[in-house]
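The structure file query20.cif is reproduced below (mmCIF, C-alpha atoms).
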data_final
loop_
_atom_site.label_atom_id
_atom_site.label_comp_id
_atom_site.auth_asym_id
_atom_site.auth_seq_id
_atom_site.Cartn_x
_atom_site.Cartn_y
_atom_site.Cartn_z
CA MET A 1 -51.89 9.34 33.60
CA ALA A 2 -50.34 12.76 32.98
CA ALA A 3 -48.79 12.58 36.44
CA SER A 4 -47.28 9.21 35.56
CA VAL A 5 -45.81 10.62 32.38
CA ARG A 6 -44.26 13.51 34.28
CA LEU A 7 -42.86 11.05 36.82
CA VAL A 8 -41.22 9.02 34.07
CA ARG A 9 -39.63 12.10 32.59
CA ASP A 10 -38.36 13.34 35.96
CA ASP A 11 -36.92 9.94 36.74
CA LEU A 12 -35.30 9.53 33.34
CA VAL A 13 -33.40 12.75 32.95
CA PRO A 14 -31.24 13.05 36.11
CA PRO A 15 -29.80 9.50 36.24
CA PHE A 16 -28.85 9.44 32.55
CA ARG A 17 -25.12 8.94 32.08
CA ALA A 18 -24.51 12.58 31.40
CA ASP A 19 -21.05 12.33 32.90
CA ARG A 20 -19.86 9.90 30.21
CA VAL A 21 -21.55 11.74 27.37
CA SER A 22 -20.21 15.08 28.62
CA GLU A 23 -16.72 13.65 28.90
CA GLY A 24 -16.97 12.31 25.37
CA ARG A 25 -18.20 15.62 24.01
CA ALA A 26 -15.53 17.51 25.95
CA ALA A 27 -12.88 15.31 24.40
CA LEU A 28 -14.19 16.26 20.96
CA LYS A 29 -13.81 19.98 21.63
CA LEU A 30 -10.54 21.77 21.14
CA LYS A 31 -9.00 23.12 24.31
CA LYS A 32 -7.97 26.75 24.59
CA PRO A 33 -4.61 27.59 23.03
CA GLY A 34 -1.64 27.51 25.34
CA ARG A 35 -3.06 24.95 27.77
CA LEU A 36 -0.88 22.02 26.66
CA PRO A 37 2.11 21.69 24.35
CA GLU A 38 0.19 19.29 22.14
CA GLU A 39 -2.40 22.00 21.48
CA MET A 40 0.21 24.20 19.83
CA GLY A 41 0.12 24.35 16.07
CA PRO A 42 1.91 21.48 14.33
CA PRO A 43 5.21 22.14 12.53
CA ASN A 44 4.87 23.24 8.94
CA GLY A 45 6.98 24.48 6.08
CA TYR A 46 7.09 28.03 7.46
CA SER A 47 8.80 26.81 10.62
CA MET A 48 11.70 25.56 8.46
CA LEU A 49 12.29 28.83 6.61
CA PRO A 50 14.27 30.71 9.32
CA TRP A 51 17.10 28.18 8.93
CA LEU A 52 17.84 29.69 5.54
CA LEU A 53 19.56 32.49 7.48
CA MET A 54 22.51 30.10 7.71
CA GLY A 55 23.16 30.99 4.09
CA MET A 56 23.42 34.73 4.76
CA GLY A 57 27.21 34.49 4.79
CA SER A 58 27.21 33.27 1.21
CA PHE A 59 24.72 35.93 0.20
CA SER A 60 26.88 38.60 1.86
CA ASN A 61 29.93 37.38 -0.03
CA LEU A 62 28.00 37.72 -3.29
CA LEU A 63 26.93 41.29 -2.49
CA GLN A 64 30.45 42.30 -1.48
CA GLY A 65 31.98 40.81 -4.62
CA GLU A 66 34.12 38.34 -2.68
CA THR A 67 32.81 35.35 -4.64
CA PRO A 68 34.48 34.35 -7.91
CA ASN A 69 32.06 34.00 -10.81
CA PRO A 70 29.21 35.70 -8.88
CA TRP A 71 26.61 34.84 -11.54
CA ILE A 72 27.27 31.15 -11.05
CA GLY A 73 27.14 31.60 -7.27
CA GLY A 74 23.94 33.64 -7.50
CA ILE A 75 22.24 31.07 -9.71
CA GLY A 76 23.41 28.29 -7.38
CA LEU A 77 22.13 30.16 -4.30
CA LEU A 78 18.76 30.78 -5.97
CA ALA A 79 18.49 27.13 -7.03
CA PHE A 80 19.38 25.88 -3.55
CA ASN A 81 16.88 28.15 -1.78
CA SER A 82 14.12 27.30 -4.27
CA LEU A 83 14.71 23.57 -3.89
CA TYR A 84 14.91 23.85 -0.09
CA ILE A 85 11.61 25.73 0.13
CA GLY A 86 9.92 23.28 -2.24
CA VAL A 87 11.17 20.24 -0.33
CA VAL A 88 10.29 21.42 3.18
CA PHE A 89 6.79 22.54 2.21
CA ARG A 90 6.10 19.21 0.55
CA ALA A 91 7.49 17.37 3.59
CA PHE A 92 4.39 18.09 5.71
CA ASP A 93 1.96 16.44 3.32
CA LYS A 94 2.40 12.66 3.49
CA ASP A 95 1.39 12.04 -0.12
CA LYS A 96 3.67 14.78 -1.45
CA ARG A 97 6.49 13.77 0.89
CA GLU A 98 6.51 10.23 -0.47
CA ALA A 99 6.09 11.31 -4.08
CA PRO A 100 9.01 10.66 -6.49
CA ALA A 101 9.09 14.37 -7.40
CA THR A 102 10.05 15.26 -3.83
CA HIS A 103 12.90 12.76 -3.82
CA ARG A 104 14.11 14.09 -7.16
CA MET A 105 14.12 17.61 -5.73
CA LEU A 106 16.16 16.36 -2.76
CA ILE A 107 18.68 14.73 -5.11
CA ALA A 108 18.95 17.94 -7.13
CA MET A 109 19.44 19.89 -3.91
CA THR A 110 22.25 17.50 -2.93
CA ALA A 111 23.97 18.03 -6.28
CA VAL A 112 23.73 21.84 -6.00
CA THR A 113 25.04 21.76 -2.41
CA CYS A 114 28.04 19.60 -3.29
CA ALA A 115 28.83 21.72 -6.35
CA LEU A 116 28.72 25.02 -4.43
CA ALA A 117 30.76 23.56 -1.55
CA ILE A 118 33.44 22.20 -3.88
CA VAL A 119 33.71 25.40 -5.91
CA TYR A 120 33.55 28.01 -3.13
CA GLY A 121 34.06 26.31 0.29
CA GLY A 122 34.01 28.61 3.34
CA SER A 123 30.53 29.81 4.30
CA TRP A 124 29.05 27.84 1.41
CA LEU A 125 29.78 24.66 3.39
CA LEU A 126 26.92 25.63 5.74
CA PHE A 127 24.49 24.52 3.07
CA PHE A 128 25.24 20.93 4.14
CA PRO A 129 23.41 21.29 7.51
CA LEU A 130 20.50 22.84 5.59
CA LEU A 131 20.57 19.85 3.28
CA GLY A 132 20.45 17.64 6.38
CA LEU A 133 17.35 19.54 7.59
CA ALA A 134 15.64 18.97 4.26
CA ALA A 135 16.55 15.28 4.24
CA GLY A 136 15.33 14.83 7.82
CA SER A 137 12.00 16.46 7.01
CA VAL A 138 11.37 14.14 4.05
CA LEU A 139 12.88 10.77 4.88
CA ARG A 140 11.78 8.22 7.50
CA GLY A 141 12.93 4.83 8.74
CA ARG A 142 16.06 3.01 7.62
CA ARG A 143 16.43 5.15 4.50
CA LEU A 144 16.83 8.23 6.69
CA ALA A 145 19.87 6.84 8.54
CA GLN A 146 21.51 5.68 5.32
CA VAL A 147 21.02 9.01 3.54
CA VAL A 148 22.05 11.16 6.52
CA PHE A 149 25.22 9.10 7.07
CA ALA A 150 26.06 9.44 3.37
CA LEU A 151 25.46 13.21 3.40
CA SER A 152 27.53 13.63 6.56
CA ALA A 153 30.39 11.66 5.02
CA ALA A 154 30.22 13.74 1.84
CA ALA A 155 30.08 16.96 3.86
CA GLY A 156 33.07 15.90 5.96
CA THR A 157 35.10 14.91 2.91
CA ILE A 158 34.44 18.09 0.94
CA ALA A 159 34.85 20.31 4.00
CA GLY A 160 38.09 18.52 4.84
CA VAL A 161 39.49 19.37 1.43
CA ARG A 162 38.27 22.99 1.56
CA ASP A 163 38.47 23.85 5.28
CA GLY A 164 40.75 21.37 7.04
CA TRP A 165 39.76 20.58 10.63
CA GLY A 166 36.53 22.56 10.28
CA ALA A 167 35.19 19.54 8.42
CA ILE A 168 34.31 17.90 11.75
CA ASN A 169 31.85 20.66 12.60
CA VAL A 170 30.28 20.57 9.15
CA ALA A 171 29.87 16.79 9.17
CA TYR A 172 28.52 16.78 12.74
CA GLY A 173 26.11 19.64 11.96
CA THR A 174 24.80 17.80 8.89
CA PHE A 175 24.24 14.59 10.85
CA ILE A 176 22.57 16.27 13.85
CA SER A 177 20.33 18.53 11.75
CA GLY A 178 19.02 15.57 9.73
CA MET A 179 18.44 13.16 12.62
CA VAL A 180 16.99 15.70 15.08
CA THR A 181 14.65 17.16 12.47
CA ALA A 182 13.37 13.70 11.56
CA ALA A 183 12.88 12.80 15.25
CA ILE A 184 10.96 15.99 16.04
CA LEU A 185 8.71 15.69 13.00
CA ALA A 186 8.07 11.99 13.62
CA LEU A 187 7.13 12.77 17.23
CA SER A 188 4.82 15.54 16.06
CA GLU A 189 3.11 13.16 13.63
CA THR A 190 2.70 10.58 16.40
CA VAL A 191 1.11 13.15 18.70
CA ARG A 192 -1.35 14.17 15.98
CA GLU A 193 -2.26 10.54 15.35
CA LEU A 194 -2.76 9.95 19.07
CA ARG A 195 -4.99 12.99 19.34
CA ALA A 196 -7.03 11.81 16.35
CA THR A 197 -7.30 8.36 17.93
CA ARG A 198 -8.40 9.86 21.23
CA GLN A 199 -11.11 11.87 19.50
CA GLU A 200 -12.27 8.80 17.60
CA LEU A 201 -12.43 6.79 20.84
CA ALA A 202 -14.47 9.58 22.42
CA ARG A 203 -16.88 9.54 19.47
CA THR A 204 -17.13 5.76 19.71
CA ALA A 205 -17.84 5.93 23.45
CA VAL A 206 -20.64 8.44 22.88
CA GLU A 207 -22.12 6.37 20.06
CA LYS A 208 -22.00 3.18 22.14
CA GLU A 209 -23.72 4.93 25.03
CA ARG A 210 -26.44 6.23 22.70
CA LEU A 211 -26.86 2.78 21.18
CA ARG A 212 -27.12 1.16 24.61
CA PHE A 213 -29.66 3.72 25.77
CA SER A 214 -31.86 3.44 22.68
CA ARG A 215 -31.61 -0.36 22.64
CA ASP A 216 -32.47 -0.75 26.32
CA LEU A 217 -35.38 1.68 26.12
CA HIS A 218 -36.73 -0.20 23.11
CA ASP A 219 -36.44 -3.53 24.91
CA LEU A 220 -38.03 -2.18 28.07
CA LEU A 221 -40.77 0.09 26.77
CA GLY A 222 -41.75 -2.09 23.81
CA HIS A 223 -42.54 -5.04 26.04
CA THR A 224 -44.02 -3.04 28.91
CA LEU A 225 -46.32 -0.95 26.74
CA SER A 226 -47.49 -4.06 24.90
CA VAL A 227 -48.41 -5.69 28.22
CA ILE A 228 -50.19 -2.55 29.38
CA VAL A 229 -52.16 -2.31 26.13
CA VAL A 230 -53.18 -5.99 26.26
CA LYS A 231 -54.23 -5.81 29.91
CA SER A 232 -56.09 -2.54 29.33
CA GLU A 233 -58.07 -4.17 26.51
CA ALA A 234 -58.79 -7.12 28.77
CA ALA A 235 -59.97 -4.80 31.55
CA ARG A 236 -62.24 -2.95 29.11
CA ARG A 237 -63.81 -6.19 27.94
CA LEU A 238 -64.27 -7.53 31.47
CA ALA A 239 -65.57 -4.36 33.11
CA PRO A 240 -69.25 -4.65 31.95
CA ARG A 241 -69.69 -8.23 33.18
CA ASP A 242 -66.96 -8.92 35.78
CA LEU A 243 -65.80 -5.86 37.67
CA ASP A 244 -63.55 -7.82 40.04
CA ALA A 245 -61.65 -9.40 37.13
CA ALA A 246 -61.32 -6.00 35.47
CA LEU A 247 -59.94 -4.55 38.70
CA ALA A 248 -57.43 -7.39 38.86
CA GLN A 249 -56.22 -6.49 35.36
CA ILE A 250 -55.93 -2.83 36.38
CA THR A 251 -53.92 -3.88 39.43
CA ASP A 252 -51.60 -5.79 37.13
CA ILE A 253 -51.25 -2.69 34.95
CA GLU A 254 -50.24 -0.66 38.00
CA SER A 255 -47.70 -3.31 38.99
CA VAL A 256 -46.25 -3.47 35.49
CA GLY A 257 -45.99 0.32 35.36
CA ARG A 258 -44.17 0.53 38.69
CA GLN A 259 -41.77 -2.21 37.68
CA ALA A 260 -41.16 -0.43 34.38
CA LEU A 261 -40.20 2.74 36.23
CA THR A 262 -37.65 0.80 38.27
CA GLU A 263 -36.21 -0.85 35.19
CA ILE A 264 -35.96 2.43 33.30
CA ARG A 265 -34.05 4.01 36.18
CA GLU A 266 -31.66 1.05 36.16
CA ALA A 267 -31.39 1.10 32.37
CA VAL A 268 -30.34 4.73 32.11
CA THR A 269 -27.71 4.29 34.82
CA GLY A 270 -26.33 1.16 33.15
CA TYR A 271 -26.77 -1.27 36.06
CA ARG A 272 -29.76 -3.28 34.87
CA GLU A 273 -29.81 -7.00 34.21
CA ALA A 274 -32.85 -8.91 33.03
CA SER A 275 -33.96 -11.85 35.17
CA LEU A 276 -34.97 -14.96 33.28
CA ALA A 277 -37.33 -16.13 36.02
CA ASN A 278 -39.08 -12.75 36.13
CA GLU A 279 -39.30 -12.63 32.35
CA LEU A 280 -40.90 -16.08 32.23
CA ASP A 281 -43.47 -14.99 34.82
CA ARG A 282 -44.22 -11.84 32.85
CA ALA A 283 -44.41 -13.82 29.65
CA ARG A 284 -47.09 -16.09 31.16
CA SER A 285 -49.05 -13.07 32.36
CA ALA A 286 -48.80 -11.17 29.07
CA LEU A 287 -49.67 -14.20 26.93
CA THR A 288 -52.62 -15.11 29.13
CA ALA A 289 -53.98 -11.56 29.00
CA ALA A 290 -53.67 -11.63 25.19
CA GLY A 291 -55.62 -14.90 25.00
CA ILE A 292 -52.54 -16.97 24.13
CA ALA A 293 -51.95 -20.14 26.13
CA PRO A 294 -48.38 -20.15 27.54
CA VAL A 295 -46.41 -23.39 27.69
CA VAL A 296 -43.07 -23.20 29.51
CA ARG A 297 -40.59 -26.09 29.65
CA GLN A 298 -37.21 -25.98 31.40
CA SER A 299 -34.53 -28.64 31.72
CA GLY A 300 -30.87 -28.82 32.64
CA PRO A 301 -28.70 -27.25 35.35
CA PRO A 302 -29.23 -23.69 36.60
CA LEU A 303 -27.71 -21.00 34.40
CA GLU A 304 -25.13 -18.41 35.31
CA PRO A 305 -26.70 -14.98 35.99
CA GLN A 306 -25.16 -13.44 32.87
CA THR A 307 -26.44 -16.22 30.61
CA ALA A 308 -29.88 -16.04 32.22
CA ALA A 309 -29.92 -12.26 31.74
CA LEU A 310 -29.29 -12.50 28.00
CA LEU A 311 -31.88 -15.23 27.56
CA GLY A 312 -34.33 -13.13 29.57
CA TRP A 313 -34.07 -10.44 26.91
CA VAL A 314 -34.77 -13.03 24.22
CA VAL A 315 -37.92 -14.19 26.06
CA ARG A 316 -39.10 -10.61 26.47
CA GLU A 317 -38.65 -9.66 22.80
CA ALA A 318 -40.04 -12.90 21.38
CA VAL A 319 -43.13 -12.80 23.60
CA THR A 320 -43.67 -9.12 22.79
CA ASN A 321 -43.67 -9.96 19.07
CA ALA A 322 -46.03 -12.87 19.66
CA VAL A 323 -48.48 -10.67 21.57
CA ARG A 324 -48.32 -7.88 19.02
CA HIS A 325 -48.24 -9.70 15.72
CA SER A 326 -48.85 -13.44 15.79
CA GLY A 327 -52.57 -13.92 16.38
CA ALA A 328 -51.53 -17.23 17.98
CA SER A 329 -53.47 -19.44 20.34
CA THR A 330 -50.41 -21.06 21.92
CA CYS A 331 -46.85 -19.96 22.61
CA GLU A 332 -44.23 -22.46 23.77
CA ILE A 333 -41.06 -21.41 25.58
CA THR A 334 -38.46 -24.16 25.86
CA LEU A 335 -35.17 -23.81 27.71
CA GLU A 336 -32.60 -26.61 27.55
CA SER A 337 -29.19 -26.22 29.15
CA THR A 338 -26.03 -28.24 29.59
CA PRO A 339 -22.82 -27.35 31.44
CA GLU A 340 -21.47 -26.04 28.12
CA ARG A 341 -24.38 -24.41 26.25
CA ALA A 342 -27.90 -23.11 26.75
CA HIS A 343 -30.58 -23.28 24.07
CA LEU A 344 -33.85 -21.32 24.16
CA THR A 345 -36.74 -21.44 21.68
CA VAL A 346 -39.93 -19.40 21.66
CA THR A 347 -42.50 -20.78 19.20
CA ASP A 348 -46.03 -19.58 18.48
CA ASP A 349 -48.68 -21.14 16.25
CA GLY A 350 -49.88 -17.87 14.77
CA HIS A 351 -50.82 -17.55 11.13
CA THR A 352 -50.89 -13.76 10.79
CA ALA A 353 -47.85 -12.44 8.99
CA PRO A 354 -46.24 -9.77 11.16
CA SER A 355 -45.80 -6.33 9.69
CA PRO A 356 -43.00 -5.49 9.69
CA LEU A 357 -41.44 -8.92 9.91
CA PRO A 358 -39.80 -9.45 13.32
CA THR A 359 -36.55 -10.43 11.59
CA SER A 360 -36.12 -6.81 10.56
CA GLY A 361 -37.15 -5.29 13.88
CA THR A 362 -34.89 -3.16 16.01
CA GLY A 363 -35.35 -5.44 19.04
CA LEU A 364 -34.27 -8.70 17.40
CA LYS A 365 -31.41 -6.92 15.66
CA GLY A 366 -30.16 -5.61 19.00
CA LEU A 367 -30.52 -9.08 20.55
CA THR A 368 -28.55 -10.61 17.69
CA GLU A 369 -25.72 -8.16 18.38
CA ARG A 370 -25.78 -8.91 22.11
CA LEU A 371 -25.70 -12.66 21.68
CA SER A 372 -23.03 -12.43 18.99
CA THR A 373 -20.83 -10.42 21.36
CA ALA A 374 -21.23 -13.18 23.97
CA GLY A 375 -20.34 -15.90 21.43
CA GLY A 376 -23.92 -17.02 20.82
CA SER A 377 -26.42 -16.79 18.00
CA LEU A 378 -30.05 -15.85 17.36
CA ARG A 379 -32.19 -17.26 14.53
CA THR A 380 -35.75 -16.55 13.46
CA THR A 381 -37.66 -19.03 11.28
CA ARG A 382 -41.16 -19.99 10.18
CA THR A 383 -42.58 -23.25 11.47
CA PRO A 384 -44.17 -25.74 9.04
CA ASP A 385 -47.67 -24.76 10.26
CA GLY A 386 -47.05 -21.05 9.62
CA GLY A 387 -46.01 -20.03 13.12
CA PHE A 388 -42.90 -18.15 14.14
CA ARG A 389 -39.87 -19.43 16.06
CA VAL A 390 -37.07 -17.55 17.77
CA SER A 391 -34.05 -19.69 18.68
CA ALA A 392 -31.17 -18.51 20.83
CA GLU A 393 -28.01 -20.39 21.72
CA LEU A 394 -25.32 -19.30 24.15
CA PRO A 395 -22.11 -20.80 25.48
CA VAL A 396 -22.18 -20.95 29.26
CA ASP A 397 -18.43 -20.35 29.47
CA GLY A 398 -17.27 -16.92 28.27
CA VAL A 399 -20.64 -15.18 28.61
CA GLU A 400 -19.65 -13.72 31.96
CA GLU A 401 -16.53 -12.11 30.55
CA SER A 402 -18.37 -10.68 27.52
CA VAL A 403 -21.28 -9.31 29.52
CA SER A 404 -19.10 -7.93 32.29
CA GLY A 405 -17.00 -6.14 29.68
CA GLU A 406 -20.11 -4.56 28.22
CA THR A 407 -21.32 -3.60 31.70
CA ALA A 408 -17.95 -2.03 32.46
CA LEU A 409 -18.30 0.12 29.37
CA HIS A 410 -21.84 1.12 30.34
CA THR A 411 -20.81 2.02 33.88
CA GLY A 412 -17.67 3.86 32.91
CA GLY A 413 -15.38 1.06 34.12
#

Just give me the structure of the file as C-alpha cells.
Amino acid sequence: MAASVRLVRDDLVPPFRADRVSEGRAALKLKKPGRLPEEMGPPNGYSMLPWLLMGMGSFSNLLQGETPNPWIGGIGLLAFNSLYIGVVFRAFDKDKREAPATHRMLIAMTAVTCALAIVYGGSWLLFFPLLGLAAGSVLRGRRLAQVVFALSAAAGTIAGVRDGWGAINVAYGTFISGMVTAAILALSETVRELRATRQELARTAVEKERLRFSRDLHDLLGHTLSVIVVKSEAARRLAPRDLDAALAQITDIESVGRQALTEIREAVTGYREASLANELDRARSALTAAGIAPVVRQSGPPLEPQTAALLGWVVREAVTNAVRHSGASTCEITLESTPERAHLTVTDDGHTAPSPLPTSGTGLKGLTERLSTAGGSLRTTRTPDGGFRVSAELPVDGVEESVSGETALHTGG
C-alpha cells in the first residue's frame, strides 16, 4: 500500500501543469529595471518641474532690474510657479486631477499668465507654453482640445500685440505643449492599465488552474476511494465464508486503483474526459458492492461526447453520495435524450439524512458550475418517500463549444 501511495505521488507531480502556473506567476513578478520601456517608472509631477527653466529669462530680468515694478513681477512669478507645481503634482492622481480645486488652480494660472504677458511681454510670453503643459497634464477628451485651442488663440493674440511676428512661435508652442503632454500622459495611463489587466489575467489563469485541479481531484478521488472502501468492506465480510468472492472483490479493488491512476494522470495534464458508459458500469459495480440494487434506464439517441462526459460526472458524484450517505436499498439512474436536450436523474430510496447535505458539497457545487457553463442546470431534491434525487439537464447544441473552450483553457490553448 505504501508503494502504491509513492507511485501516486510520483505520477502526480511531474505531469502537473507547472508550465501554466509558472507562466502565471512569472507574469505577476516585476521584471528587472531597464528590460522594457514599459518597466520604466511612470511620469510624475517631478518630471514636469524641469520645464520651469523656461521662465529663467523672466527671473533673470527681475534680478538685473530690467523689469518695471519688480515687486509685482516677483509676486506674479511666485504665484505662477506655485500654481504650476500644484497643478502638475495633482495631475497624476485621477481623483485630484478631476477635482474642482485643480480646475480652479488652472484658471488662476491662466489669469496670472495672461496678466504677466500683457504687462511685460518678451520672455514672460514663454509662460504660455508652460500653461499649455499644465493644461495638457490635467485635461482629457474634448475639453482638452477646446481649452488648448483657446489658450493658443489667447497666446497668439497677446504675443502679437507685444512681440509682432513672434506670436506664431508662442501660439504654436502653447498648442504643441498642451496636446503632446496630454497624449504622452494618456498613453502612459493606458500602458499602466494594460499591465494591471495583464497581471489580473495571469492571476485569474492561476486561480482557474487551481480550481480545475482541486475540482477534478475531488471528483476522481472521492468516487474512487468510496468504491475502494465499499469493496474492501465487502471483501472483509466475505473472506471468512467465501474466499473466492473475497478475492474477486480484491481484484476489483486493484482494477479500480489502476484506473484511478490513469485518470489522475489525465486530470493533472488537463486532457481527461469522463465516459458516461464507463461511469454507468462503475456505478452498477459500486452500488452492488454497497448492497444497493442499481436500476439503469436509457432512452433516446446517442449523445455527443461532450454531453456524455458532463453527464458522466453527474452519475459519478450522485452515486458516490448514494453509497456514502443514503443507506438506500435501490438507486435508479434514468437518462432520457432528444436531439435538443438530455435529461439525467439519479434517485435513491434512502432515509438517512446525509451529513453534510449533498447540496452543500464541493462535488455538486463544482458540477453545478460546469453544467451552468454549458447552458445546463443541476437540481437536488428530496423525494416524497424521503430519498434523494439529483437531476441534470443539458442542451445538446452548444455543449461542445462550452466544453472545448474549457478544455482549451486547461491545456493552454

_Selection in question (the file shown): the PyMOL selection byres ((chain A and resi 123-132) around 7). Which residues does it include, as a ChimeraX atom specification?_
/A:54-55,57-58,110,113,116-117,120-122,133-136,148,155,159,170,173-175,177-178

*Using the chain letters and residue numbers of this document, give as an MDAnalysis selection string the residues selected by the PyMOL selection byres ((chain A and resi 43) around 12).*
chainID A and resid 38:42 44:49 88:89 91:93 137 181:182 184:189 191:192

Prev. selection, C-alpha atoms, output as an mmCIF file, in the coordinates of the input:
data_model
loop_
_atom_site.group_PDB
_atom_site.id
_atom_site.type_symbol
_atom_site.label_atom_id
_atom_site.label_comp_id
_atom_site.auth_asym_id
_atom_site.auth_seq_id
_atom_site.Cartn_x
_atom_site.Cartn_y
_atom_site.Cartn_z
ATOM 1 C CA GLU A 38 0.190 19.290 22.140
ATOM 2 C CA GLU A 39 -2.400 22.000 21.480
ATOM 3 C CA MET A 40 0.210 24.200 19.830
ATOM 4 C CA GLY A 41 0.120 24.350 16.070
ATOM 5 C CA PRO A 42 1.910 21.480 14.330
ATOM 6 C CA ASN A 44 4.870 23.240 8.940
ATOM 7 C CA GLY A 45 6.980 24.480 6.080
ATOM 8 C CA TYR A 46 7.090 28.030 7.460
ATOM 9 C CA SER A 47 8.800 26.810 10.620
ATOM 10 C CA MET A 48 11.700 25.560 8.460
ATOM 11 C CA LEU A 49 12.290 28.830 6.610
ATOM 12 C CA VAL A 88 10.290 21.420 3.180
ATOM 13 C CA PHE A 89 6.790 22.540 2.210
ATOM 14 C CA ALA A 91 7.490 17.370 3.590
ATOM 15 C CA PHE A 92 4.390 18.090 5.710
ATOM 16 C CA ASP A 93 1.960 16.440 3.320
ATOM 17 C CA SER A 137 12.000 16.460 7.010
ATOM 18 C CA THR A 181 14.650 17.160 12.470
ATOM 19 C CA ALA A 182 13.370 13.700 11.560
ATOM 20 C CA ILE A 184 10.960 15.990 16.040
ATOM 21 C CA LEU A 185 8.710 15.690 13.000
ATOM 22 C CA ALA A 186 8.070 11.990 13.620
ATOM 23 C CA LEU A 187 7.130 12.770 17.230
ATOM 24 C CA SER A 188 4.820 15.540 16.060
ATOM 25 C CA GLU A 189 3.110 13.160 13.630
ATOM 26 C CA VAL A 191 1.110 13.150 18.700
ATOM 27 C CA ARG A 192 -1.350 14.170 15.980
#

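Between CA of Gln249 in chain A and CA of Asp281 in chain A there is a distance of 15.3 Å.
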
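The set of residues that the PyMOL selection byres ((chain A and resi 389-393) around 6) takes from this file is Ala342, His343, Leu344, Thr345, Val346, Thr347, Gly376, Ser377, Leu378, Arg379, Thr380, Thr381, Phe388 and Leu394 of chain A.
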
Please produce an output containing C-alpha atoms for each residue in the selection, written as a compact mmCIF listing (two decimals), in the frame of the given file.
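Result file follows (selection_1.txt):
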# COMPACT_ATOMS: atom_id res chain seq x y z
CA ALA A 342 -27.90 -23.11 26.75
CA HIS A 343 -30.58 -23.28 24.07
CA LEU A 344 -33.85 -21.32 24.16
CA THR A 345 -36.74 -21.44 21.68
CA VAL A 346 -39.93 -19.40 21.66
CA THR A 347 -42.50 -20.78 19.20
CA GLY A 376 -23.92 -17.02 20.82
CA SER A 377 -26.42 -16.79 18.00
CA LEU A 378 -30.05 -15.85 17.36
CA ARG A 379 -32.19 -17.26 14.53
CA THR A 380 -35.75 -16.55 13.46
CA THR A 381 -37.66 -19.03 11.28
CA PHE A 388 -42.90 -18.15 14.14
CA LEU A 394 -25.32 -19.30 24.15

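One distance worth recording is that between CA of Leu52 in chain A and CA of Tyr84 in chain A, which is 8.6 Å.
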
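Proximity of A:Ser255, A:Asn321, A:Thr330, A:Gln306 to Thr288 in chain A, computed with all atoms listed in the file, is greatest for A:Thr330.
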
*asked:* Counting all atoms listed in the file, which residue out of A:Ala183, A:Ala290, A:Ile176, A:Ile250 sits closest to Val230 in chain A?
replied: A:Ala290

*Work out how far apart CA of Leu243 in chain A and CA of Val296 in chain A are and give it in Å to one decimal.*
29.7 Å

*asked:* Would you pick out the contacts of Ile253 in chain A at 9 Å or less, using all atoms listed in the file, so that residues sharing its chain but fewer than 3 positions from it are not included, and give the list as a PyMOL selection string?
replied: chain A and resi 227-229+231-232+248-250+256-258

Export of prior selection with C-alpha atoms as a PDB file, in the coordinates of the input:
ATOM      1  CA  VAL A 227     -48.410  -5.690  28.220  1.00  0.00           C
ATOM      2  CA  ILE A 228     -50.190  -2.550  29.380  1.00  0.00           C
ATOM      3  CA  VAL A 229     -52.160  -2.310  26.130  1.00  0.00           C
ATOM      4  CA  LYS A 231     -54.230  -5.810  29.910  1.00  0.00           C
ATOM      5  CA  SER A 232     -56.090  -2.540  29.330  1.00  0.00           C
ATOM      6  CA  ALA A 248     -57.430  -7.390  38.860  1.00  0.00           C
ATOM      7  CA  GLN A 249     -56.220  -6.490  35.360  1.00  0.00           C
ATOM      8  CA  ILE A 250     -55.930  -2.830  36.380  1.00  0.00           C
ATOM      9  CA  VAL A 256     -46.250  -3.470  35.490  1.00  0.00           C
ATOM     10  CA  GLY A 257     -45.990   0.320  35.360  1.00  0.00           C
ATOM     11  CA  ARG A 258     -44.170   0.530  38.690  1.00  0.00           C
TER      12      ARG A 258
END

_From A:Arg341, A:Arg284, A:Arg97, A:Arg90, residue lying nearest Gly300 in chain A [all atoms listed in the file]_ = A:Arg341

*Please identify all polymer residues lying at most 8 Å from the point (-37.3, -11.5, 19.7) (file coordinates), using only C-alpha atoms, and present the result as a ChimeraX atom specification.*
/A:313-321,358,363-364,367,390

Keeping only C-alpha atoms, write the selected residues to a file as an mmCIF file, keeping the file's coordinate frame.
data_model
loop_
_atom_site.group_PDB
_atom_site.id
_atom_site.type_symbol
_atom_site.label_atom_id
_atom_site.label_comp_id
_atom_site.auth_asym_id
_atom_site.auth_seq_id
_atom_site.Cartn_x
_atom_site.Cartn_y
_atom_site.Cartn_z
ATOM 1 C CA TRP A 313 -34.070 -10.440 26.910
ATOM 2 C CA VAL A 314 -34.770 -13.030 24.220
ATOM 3 C CA VAL A 315 -37.920 -14.190 26.060
ATOM 4 C CA ARG A 316 -39.100 -10.610 26.470
ATOM 5 C CA GLU A 317 -38.650 -9.660 22.800
ATOM 6 C CA ALA A 318 -40.040 -12.900 21.380
ATOM 7 C CA VAL A 319 -43.130 -12.800 23.600
ATOM 8 C CA THR A 320 -43.670 -9.120 22.790
ATOM 9 C CA ASN A 321 -43.670 -9.960 19.070
ATOM 10 C CA PRO A 358 -39.800 -9.450 13.320
ATOM 11 C CA GLY A 363 -35.350 -5.440 19.040
ATOM 12 C CA LEU A 364 -34.270 -8.700 17.400
ATOM 13 C CA LEU A 367 -30.520 -9.080 20.550
ATOM 14 C CA VAL A 390 -37.070 -17.550 17.770
#
